Each structure stands twice: as C-alpha cells, then as structure tokens.
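Dumped final_26.cif below, it's mmCIF, C-alpha atoms:
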data_entry
#
loop_
_atom_site.label_atom_id
_atom_site.label_comp_id
_atom_site.auth_asym_id
_atom_site.auth_seq_id
_atom_site.Cartn_x
_atom_site.Cartn_y
_atom_site.Cartn_z
CA GLY A 1 0.00 0.00 0.00
CA ASN A 2 0.89 3.66 -0.01
CA SER A 3 2.86 5.18 2.85
CA VAL A 4 4.72 8.35 3.80
CA THR A 5 7.64 8.53 6.21
CA GLN A 6 8.77 11.77 7.82
CA MET A 7 11.64 12.60 10.12
CA GLU A 8 10.67 12.65 13.76
CA GLY A 9 10.48 15.92 15.59
CA PRO A 10 10.48 18.21 17.21
CA VAL A 11 12.90 20.22 15.14
CA THR A 12 14.13 23.24 17.07
CA LEU A 13 15.87 26.04 15.19
CA SER A 14 16.90 29.61 15.79
CA GLU A 15 15.36 32.35 13.70
CA GLU A 16 16.98 32.72 10.23
CA ALA A 17 18.36 29.15 10.30
CA PHE A 18 18.05 26.82 7.33
CA LEU A 19 15.29 24.22 7.52
CA THR A 20 15.08 20.74 6.04
CA ILE A 21 12.31 18.29 6.89
CA ASN A 22 12.79 14.92 5.22
CA CYS A 23 9.96 13.01 3.58
CA THR A 24 10.07 9.75 1.64
CA TYR A 25 7.18 7.82 0.18
CA THR A 26 6.13 4.40 -1.07
CA ALA A 27 3.52 4.23 -3.80
CA THR A 28 2.78 2.53 -7.06
CA GLY A 29 2.86 4.63 -10.18
CA TYR A 30 3.28 8.38 -10.05
CA PRO A 31 1.52 9.96 -7.08
CA SER A 32 1.07 13.67 -6.45
CA LEU A 33 2.95 14.95 -3.40
CA PHE A 34 2.00 17.62 -0.88
CA TRP A 35 3.12 19.48 2.19
CA TYR A 36 0.41 20.61 4.59
CA VAL A 37 0.97 22.86 7.62
CA GLN A 38 -0.98 22.99 10.88
CA TYR A 39 -0.58 26.12 12.98
CA PRO A 40 -1.49 25.90 16.68
CA GLY A 41 -5.24 25.55 17.22
CA GLU A 42 -6.03 25.40 13.50
CA GLY A 43 -6.82 22.81 10.87
CA LEU A 44 -4.34 21.75 8.23
CA GLN A 45 -3.83 23.91 5.17
CA LEU A 46 -2.05 23.19 1.92
CA LEU A 47 1.46 24.66 1.80
CA LEU A 48 2.71 23.39 -1.57
CA LYS A 49 2.36 20.54 -4.04
CA ALA A 50 4.08 18.80 -6.95
CA THR A 51 2.38 16.50 -9.42
CA LYS A 52 5.22 14.94 -11.42
CA ALA A 53 8.87 14.02 -11.21
CA ASP A 54 11.33 16.96 -10.97
CA ASP A 55 8.51 19.43 -10.27
CA LYS A 56 9.31 21.97 -7.57
CA GLY A 57 6.50 23.23 -5.38
CA SER A 58 7.01 26.54 -3.58
CA ASN A 59 5.08 28.88 -1.32
CA LYS A 60 5.89 31.40 1.44
CA GLY A 61 9.62 30.77 1.02
CA PHE A 62 9.25 27.00 1.38
CA GLU A 63 10.28 24.64 -1.43
CA ALA A 64 10.17 20.92 -2.13
CA THR A 65 11.29 18.99 -5.22
CA TYR A 66 9.65 15.74 -6.36
CA ARG A 67 12.51 13.23 -6.67
CA LYS A 68 11.31 10.05 -8.32
CA GLU A 69 14.70 8.33 -8.18
CA THR A 70 14.94 8.66 -4.39
CA THR A 71 11.13 8.68 -3.74
CA SER A 72 11.57 11.85 -1.71
CA PHE A 73 9.92 15.24 -1.28
CA HIS A 74 11.99 17.08 1.31
CA LEU A 75 10.76 20.45 2.57
CA GLU A 76 13.28 23.32 2.74
CA LYS A 77 13.35 26.96 3.71
CA GLY A 78 16.38 29.18 3.64
CA SER A 79 15.58 31.36 6.66
CA VAL A 80 12.88 30.39 9.14
CA GLN A 81 10.86 32.80 11.24
CA VAL A 82 9.16 32.37 14.61
CA SER A 83 5.83 32.47 12.75
CA ASP A 84 6.82 29.25 10.91
CA SER A 85 6.45 27.28 14.15
CA ALA A 86 3.86 24.63 13.32
CA VAL A 87 3.43 20.95 12.51
CA TYR A 88 4.29 19.99 8.93
CA PHE A 89 2.73 16.97 7.20
CA CYS A 90 3.94 15.32 4.03
CA ALA A 91 1.22 13.57 2.01
CA LEU A 92 0.61 11.74 -1.24
CA SER A 93 -2.34 11.19 -3.50
CA PRO A 94 -2.22 8.20 -5.85
CA ASN A 95 -3.20 8.89 -9.42
CA THR A 96 -5.13 5.65 -9.70
CA GLY A 97 -7.54 3.85 -7.43
CA ARG A 98 -8.67 5.48 -4.20
CA ARG A 99 -8.17 9.22 -4.49
CA ALA A 100 -7.70 10.06 -0.85
CA LEU A 101 -4.58 11.52 0.69
CA THR A 102 -2.19 9.42 2.76
CA PHE A 103 -0.35 11.49 5.37
CA GLY A 104 2.93 11.11 7.21
CA SER A 105 3.15 11.33 10.99
CA GLY A 106 3.95 15.05 11.03
CA THR A 107 7.04 16.97 12.14
CA ARG A 108 6.77 19.72 14.73
CA LEU A 109 8.97 22.76 14.05
CA GLN A 110 9.81 25.16 16.86
CA VAL A 111 11.61 28.37 15.90
CA GLN A 112 13.18 30.35 18.71
CA PRO A 113 13.85 34.11 18.54
CA ASP B 1 -13.02 31.56 1.46
CA VAL B 2 -13.97 27.94 1.86
CA LYS B 3 -15.26 27.19 5.31
CA VAL B 4 -15.39 23.75 6.90
CA THR B 5 -17.12 23.89 10.26
CA GLN B 6 -16.98 21.19 12.89
CA SER B 7 -19.74 21.47 15.44
CA SER B 8 -17.64 21.12 18.59
CA ARG B 9 -14.07 22.01 19.46
CA TYR B 10 -14.01 19.80 22.56
CA LEU B 11 -16.22 16.87 23.57
CA VAL B 12 -16.16 14.64 26.62
CA LYS B 13 -18.16 11.42 26.46
CA ARG B 14 -18.44 8.24 28.49
CA THR B 15 -17.62 4.72 27.38
CA GLY B 16 -20.56 3.13 25.57
CA GLU B 17 -22.23 6.39 24.55
CA LYS B 18 -23.27 7.02 20.97
CA VAL B 19 -21.37 10.03 19.67
CA PHE B 20 -22.12 12.23 16.67
CA LEU B 21 -19.45 14.49 15.16
CA GLU B 22 -20.86 16.94 12.66
CA CYS B 23 -19.11 18.64 9.76
CA VAL B 24 -20.53 21.22 7.36
CA GLN B 25 -18.87 22.80 4.31
CA ASP B 26 -20.17 25.85 2.48
CA MET B 27 -18.55 25.50 -0.97
CA ASP B 28 -20.61 22.78 -2.63
CA HIS B 29 -17.70 20.34 -2.61
CA GLU B 30 -18.35 16.82 -3.85
CA ASN B 31 -15.82 15.08 -1.62
CA MET B 32 -15.70 14.95 2.17
CA PHE B 33 -13.38 13.08 4.51
CA TRP B 34 -12.98 12.16 8.16
CA TYR B 35 -9.49 11.67 9.61
CA ARG B 36 -8.27 11.11 13.12
CA GLN B 37 -5.00 12.64 14.28
CA ASP B 38 -2.88 10.97 16.96
CA PRO B 39 0.63 11.88 18.16
CA GLY B 40 3.27 9.96 16.25
CA LEU B 41 0.72 8.47 13.85
CA GLY B 42 -0.25 11.53 11.86
CA LEU B 43 -3.61 11.57 10.12
CA ARG B 44 -5.40 8.32 9.38
CA LEU B 45 -8.40 8.12 7.09
CA ILE B 46 -11.58 6.79 8.68
CA TYR B 47 -14.25 7.25 5.98
CA PHE B 48 -14.81 9.39 2.94
CA SER B 49 -17.63 10.26 0.59
CA TYR B 50 -17.67 11.28 -3.07
CA ASP B 51 -21.37 12.07 -3.23
CA VAL B 52 -24.59 12.30 -1.27
CA LYS B 53 -25.58 8.99 0.30
CA MET B 54 -22.30 7.50 -0.82
CA LYS B 55 -19.55 6.38 1.56
CA GLU B 56 -16.33 4.42 1.40
CA LYS B 57 -14.19 2.94 4.14
CA GLY B 58 -10.79 4.39 4.76
CA ASP B 59 -7.89 2.73 6.54
CA ILE B 60 -9.38 2.51 10.05
CA PRO B 61 -13.21 2.31 9.78
CA GLU B 62 -13.76 -0.15 12.64
CA GLY B 63 -15.98 1.27 15.36
CA TYR B 64 -17.18 4.15 13.16
CA SER B 65 -19.95 4.84 10.68
CA VAL B 66 -20.86 7.91 8.63
CA SER B 67 -23.88 9.61 7.16
CA ARG B 68 -24.15 11.97 4.21
CA GLU B 69 -27.80 12.86 3.63
CA LYS B 70 -27.01 16.30 2.22
CA LYS B 71 -24.08 17.42 0.13
CA GLU B 72 -22.85 19.97 2.64
CA ARG B 73 -22.97 17.76 5.73
CA PHE B 74 -20.89 14.72 6.63
CA SER B 75 -21.41 13.13 10.04
CA LEU B 76 -19.13 10.71 11.84
CA ILE B 77 -20.83 8.34 14.28
CA LEU B 78 -19.26 6.35 17.09
CA GLU B 79 -21.89 3.71 17.81
CA SER B 80 -20.46 2.80 21.22
CA ALA B 81 -17.56 5.01 22.22
CA SER B 82 -14.46 3.40 23.67
CA THR B 83 -11.41 4.90 25.34
CA ASN B 84 -9.19 4.07 22.35
CA GLN B 85 -11.31 6.46 20.30
CA THR B 86 -10.03 9.41 22.31
CA SER B 87 -8.42 11.51 19.60
CA MET B 88 -8.50 14.66 17.50
CA TYR B 89 -11.00 14.26 14.65
CA LEU B 90 -10.51 16.29 11.49
CA CYS B 91 -13.07 16.79 8.75
CA ALA B 92 -12.04 17.92 5.27
CA SER B 93 -13.71 18.67 1.96
CA SER B 94 -12.46 18.89 -1.60
CA PRO B 95 -13.93 20.08 -4.91
CA GLY B 96 -12.58 17.01 -6.68
CA GLY B 97 -8.93 17.84 -7.02
CA GLU B 98 -6.36 16.96 -4.43
CA LYS B 99 -6.44 20.10 -2.32
CA LEU B 100 -8.22 19.45 0.94
CA PHE B 101 -9.85 22.13 3.08
CA PHE B 102 -9.82 21.19 6.74
CA GLY B 103 -11.93 22.14 9.70
CA SER B 104 -10.21 23.10 12.93
CA GLY B 105 -10.90 19.73 14.52
CA THR B 106 -12.84 18.18 17.41
CA GLN B 107 -10.85 16.91 20.39
CA LEU B 108 -12.85 13.96 21.72
CA SER B 109 -12.15 12.47 25.13
CA VAL B 110 -13.84 9.19 26.03
CA LEU B 111 -13.76 8.45 29.75
#
Just dump the structure as structure tokens.
Amino acid sequence: GNSVTQMEGPVTLSEEAFLTINCTYTATGYPSLFWYVQYPGEGLQLLLKATKADDKGSNKGFEATYRKETTSFHLEKGSVQVSDSAVYFCALSPNTGRRALTFGSGTRLQVQP
Amino acid sequence: DVKVTQSSRYLVKRTGEKVFLECVQDMDHENMFWYRQDPGLGLRLIYFSYDVKMKEKGDIPEGYSVSREKKERFSLILESASTNQTSMYLCASSPGGEKLFFGSGTQLSVL
C-alpha cells in the first residue's frame, strides 16, 4: 500500500536558520505529493504541491522537489521565522484507485527568537 | 473563502455512549473526509464520501460509521464510544482535485 515517512520531531531552530524536513514515500505509479501545515489551534492547510517528477513546489519561502529516483519530497526553507512554528505533514495522493490523501506522521517545528 | 465547520471544538463522552461528530462545508464540494489525528501516527483516514448517500471505508473504519444525507454535511458516528477512540478528529472537503480544506478539529475524550 501507499505510505509516507517523515523525520521525527520536534525540530528546534533559531530564527533565520536553514530548515530541512525529510519526507520519503512508497507508492505505485506516479503519485502527487503535498506538504500541509498545521498552525497551533487550527486545521491543516495546503502549503505546496508537486504532481510529477522533478517538479518543484514553492510557497511562502518554502520549497520541495519531487525526486522520483529517491522517492523523496523534502521540505526546505532558507531562513525560518518564529511564525513558521507549526506541525508539517507530508502527504501523497495516488493517481489511480482510491483518491484520498495518505499522510505522514507530522514533524513539529519550533523556531526560537 | 472555503469554510469547513466542525460542530464542537471539545467533547467529553463516556464509554458506551453514541457520539455524533458533525461537519458542514459551504462550498458545494463533492468530496468529504474524516481523519483522526494521533501523536506519532499523523492523520489516518476513517471514511470518505464522493457524493450524497455515498460512503467508502478508509484505513481505520472499525468502530465508526458515517452519514451523508445532504451534500454539505458529513457526520461521523461512534456507535459505542471506547477509550481508544479518544483523539482529534478532522473533517475535510475537496472540490474534486487533491487540495483538501480542513476544519479546525474536534478533540474527543472518552472516559
């Protein structure tokens, strides 16, 4: 079946540090890949997506590149802010069969001033 | 903006009670989903629906049922609540693509 594996958190960084959150996936075919973010007390919201190999999704300074050869979709940001503190979820949607998202376990990011 | 509203932010119920979690979306979306969120496990799909009166089991449907009598409303039902159903429940809707719009969640405690 489909699965998503994320690095365990929490990840604690100082403001303006570089961020990487690792995500790898297992799926048949060519899934679409997503990063969702959950700010404290809120529901999840879509951060970025990529639908085919070598696509780069980007939003709010965050980027992730769909790497088919390593089945990865790592999230990066060059300079984090305190306001980026949240839980980040990697997810996939298969392009055949059941069209429901499969999520990873989430990675909590804490950014200190 | 799309709004997905879950009826309660916090609920406390007793073991054996029948529990209803309500979710309403205001954007005429075809697809609706129920997930539960647990620490270290992420989001797991309970049930989903692609149309009125239609439902499909997700990955962990045991102990749950759903109802979708109207397009905008998708209810999750715990027929006989148990302590292992203590969790955060998230409802989401989608217009048919892959972008989900989530509610802010219901934290259910079963004592």
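Residues having any atom no farther than 10 Å from (12.6, 17.9, -8.0) (counting only C-alpha atoms) are Ala50, Lys52, Ala53, Asp54, Asp55, Lys56, Gly57, Glu63, Ala64, Thr65, Tyr66, Arg67, Lys68, Glu69, Ser72, Phe73 and His74 of chain A.
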TODO: Pull out every residue that the PyMOL selection byres ((chain A) within 6 of (chain B)) matches in the shown coordinates and put them as a list in words.
DONE: Glu42, Gly43, Leu44, Phe103, Gly104, Ser105 and Gly106 of chain A
Open item on the list: As a check of understanding, name the residues that the PyMOL selection byres ((chain B and resi 109) around 12) selects in the supplied structure, as a VMD selection string.
Closed with: chain B and resid 9 to 15 17 19 81 to 89 106 to 108 110 to 111
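Coordinates place atom CA of A:Phe62 at a distance of 5.6 Å from atom CA of A:Glu76.
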Open item on the list: Considering only C-alpha atoms, can you say which of A:Gly29, A:Val87, A:Gln112, A:Arg98 comes closest to A:Gln6?
Closed with: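 Using only C-alpha atoms, the shortest distance to A:Gln6 belongs to A:Val87.
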Task: Distance in Å - atom CA of B:Lys70 versus atom CA of A:Leu46 - done: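 Going from atom CA of B:Lys70 over to atom CA of A:Leu46 covers 25.9 Å.
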TODO: Would you please work out which residue, of A:Tyr30, A:Ser58, A:Tyr25, A:Val80, is nearest to A:Asn95 when using only C-alpha atoms?
DONE: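 Of all the options, A:Tyr30 lies closest to A:Asn95.
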